[in-house]
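First up is the structure itself, then whatever we jot down about it.
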Amino acid sequence: MRSVILTLSVLAFYPLSAQATFIDLRGVVFSDPISHRVLQDGISLSFSVPTFGISPTRFGIDSAGDNDVPDLFDGGNGVAESTGFSFGPLNAVLDSIVISNFDGDDAGIVNFKGVGEFPLQNGVNVFSLPFSGATSLHFIAWRGPNSPGETRGFSLDGFNFHLVPEPSSLLLATCALAFCLPRLRRRPRRTTD
Ligand SMILES: [Ca+2]
Ligand SMILES: [Ca+2]
Ligand SMILES: [Ca+2]
C-alpha cells in the first residue's frame, strides 16, 4: 500500500500535461509596484513602463498627456505607447498573449528579443515559445496612427504560460516510479479460497 501511495504521489506532482497558468492583467495589483511585477504560480512577469492604466476590464499605458486612452495601448498623445516585459525564473512556455478591444483601426506588435516581431490581433495570439530562466526584455507596442480615434487602442488582457518541469526533478520522479513499479508487480494477489 505504501508503494501505491508513493507512486500516486509522484504522478500527482508530474501530471501528463504540465501546469498551465493565465496571468490576468485586467484589474491586476502588482506584487512589486516599483518593477511592475506580477508573481503567479512561480512565474514572475515584469514590465518596464512606469505609468500603466489598469481598469477592471482593460490594461494599457497612461502616457503623458490627456489625448490617449489611459487603459489601452494607443497613440493618442502623438507617440506610440509601448512597454518592455520579461519573465522567469522557471522554465516555461509562453503559450499565448490575449488582446481585446482590437478594432479595424488598430495595429500593434510584440517583439521577442532574438526571435522576431509579430503583429497582434484581437483575441488569443498563439506563440508557444519556450523560455529558460529569466528572459531578456521583449516589447509590446502600438503601431496604429499616433493620433486620437474613437475606437483606437487595444488592451493587453493577459499571458498564458505553462511550466516545464526541471530535468533534475523529472529524473527524480522517473527514478521513484522505476523503484515503485517493480515492487507493485511482485506483490502477490490475494486469493479467496
Ligand atoms: Ca494620459
Ligand atoms: Ca494609452
Ligand atoms: Ca480599439
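Naming works like this for the C-alpha cells: A, B, ... for the chains as they're shown, residue 1 at the start of each chain, ligands 1 onward in shown order.
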At most 6 Å from ligand 2 (only C-alpha atoms and all ligand atoms): residue list as a ChimeraX atom specification: /A:60-63,68-74
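Picture a line from CA of Asn91 in chain A to CA of Thr57 in chain A; it runs 29.4 Å.
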Surrounding residues as JSON, numbers by chain, ligand 3, max 12 Å, only C-alpha atoms and all ligand atoms: {"A": [58, 60, 68, 69, 71, 72, 73, 74, 75, 76, 99, 100, 101, 102, 103, 104, 105, 106, 107, 108, 121, 122, 142, 144, 145, 148, 149, 150, 151, 152, 153, 154, 155, 156]}
Two-atom distance - CA of Asp95 in chain A, CA of Pro33 in chain A (Å): 25.6 Å
Interatomic distance, CA of Phe139 in chain A to CA of Phe85 in chain A (Å, one decimal): 6.0 Å
Best match for closeness to Pro165 in chain A among A:Ile140, A:Gly42, A:Ile23, A:Phe87, counting only C-alpha atoms: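 With only C-alpha atoms as the atom set, the closest residue is A:Gly42.
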Test item: residues at most 12 Å from Leu25 in chain A, only C-alpha atoms, excluding those fewer than 4 positions along its chain, as number ranges by chain: A: 29-30, 36-40, 45-47, 52-60, 71-72, 97-100, 155-160
Keeping only C-alpha atoms, take the residues you just selected and write them out as a PDB file, in the first residue's frame.
ATOM      1  CA  VAL A  29      -2.399  44.667  -8.409  1.00  0.00           C
ATOM      2  CA  PHE A  30       1.368  44.442  -8.875  1.00  0.00           C
ATOM      3  CA  HIS A  36       5.601  46.382 -12.005  1.00  0.00           C
ATOM      4  CA  ARG A  37       5.923  42.716 -11.261  1.00  0.00           C
ATOM      5  CA  VAL A  38       3.236  40.040 -11.040  1.00  0.00           C
ATOM      6  CA  LEU A  39       4.013  36.746  -9.291  1.00  0.00           C
ATOM      7  CA  GLN A  40       1.731  33.810 -10.008  1.00  0.00           C
ATOM      8  CA  LEU A  45       6.168  38.813 -15.092  1.00  0.00           C
ATOM      9  CA  SER A  46       7.659  42.344 -15.044  1.00  0.00           C
ATOM     10  CA  PHE A  47       7.079  45.479 -17.132  1.00  0.00           C
ATOM     11  CA  PHE A  52       0.072  51.849 -16.564  1.00  0.00           C
ATOM     12  CA  GLY A  53      -3.650  52.429 -16.786  1.00  0.00           C
ATOM     13  CA  ILE A  54      -5.424  49.498 -15.162  1.00  0.00           C
ATOM     14  CA  SER A  55      -9.199  49.089 -15.032  1.00  0.00           C
ATOM     15  CA  PRO A  56     -11.323  46.058 -14.169  1.00  0.00           C
ATOM     16  CA  THR A  57     -11.671  45.088 -17.841  1.00  0.00           C
ATOM     17  CA  ARG A  58      -8.590  46.573 -19.553  1.00  0.00           C
ATOM     18  CA  PHE A  59      -4.818  47.009 -19.186  1.00  0.00           C
ATOM     19  CA  GLY A  60      -2.911  49.711 -21.071  1.00  0.00           C
ATOM     20  CA  ASP A  71      -6.212  51.889 -20.021  1.00  0.00           C
ATOM     21  CA  LEU A  72      -5.345  50.995 -23.642  1.00  0.00           C
ATOM     22  CA  ILE A  97      -0.970  36.638 -25.359  1.00  0.00           C
ATOM     23  CA  VAL A  98      -4.616  37.693 -25.019  1.00  0.00           C
ATOM     24  CA  ILE A  99      -5.633  41.026 -26.595  1.00  0.00           C
ATOM     25  CA  SER A 100      -9.033  42.755 -26.582  1.00  0.00           C
ATOM     26  CA  SER A 155      -5.945  46.110 -24.152  1.00  0.00           C
ATOM     27  CA  LEU A 156      -3.248  43.662 -23.087  1.00  0.00           C
ATOM     28  CA  ASP A 157      -5.535  41.317 -21.154  1.00  0.00           C
ATOM     29  CA  GLY A 158      -3.002  38.695 -20.104  1.00  0.00           C
ATOM     30  CA  PHE A 159      -0.459  35.951 -20.756  1.00  0.00           C
ATOM     31  CA  ASN A 160      -0.931  32.177 -20.885  1.00  0.00           C
TER      32      ASN A 160
END
Residue among A:Ile34, A:Leu137, A:Leu129, A:Leu163 lying closest to Leu94 in chain A, counting only C-alpha atoms: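 Answer, going by the shortest atom-to-atom distance: A:Leu129.
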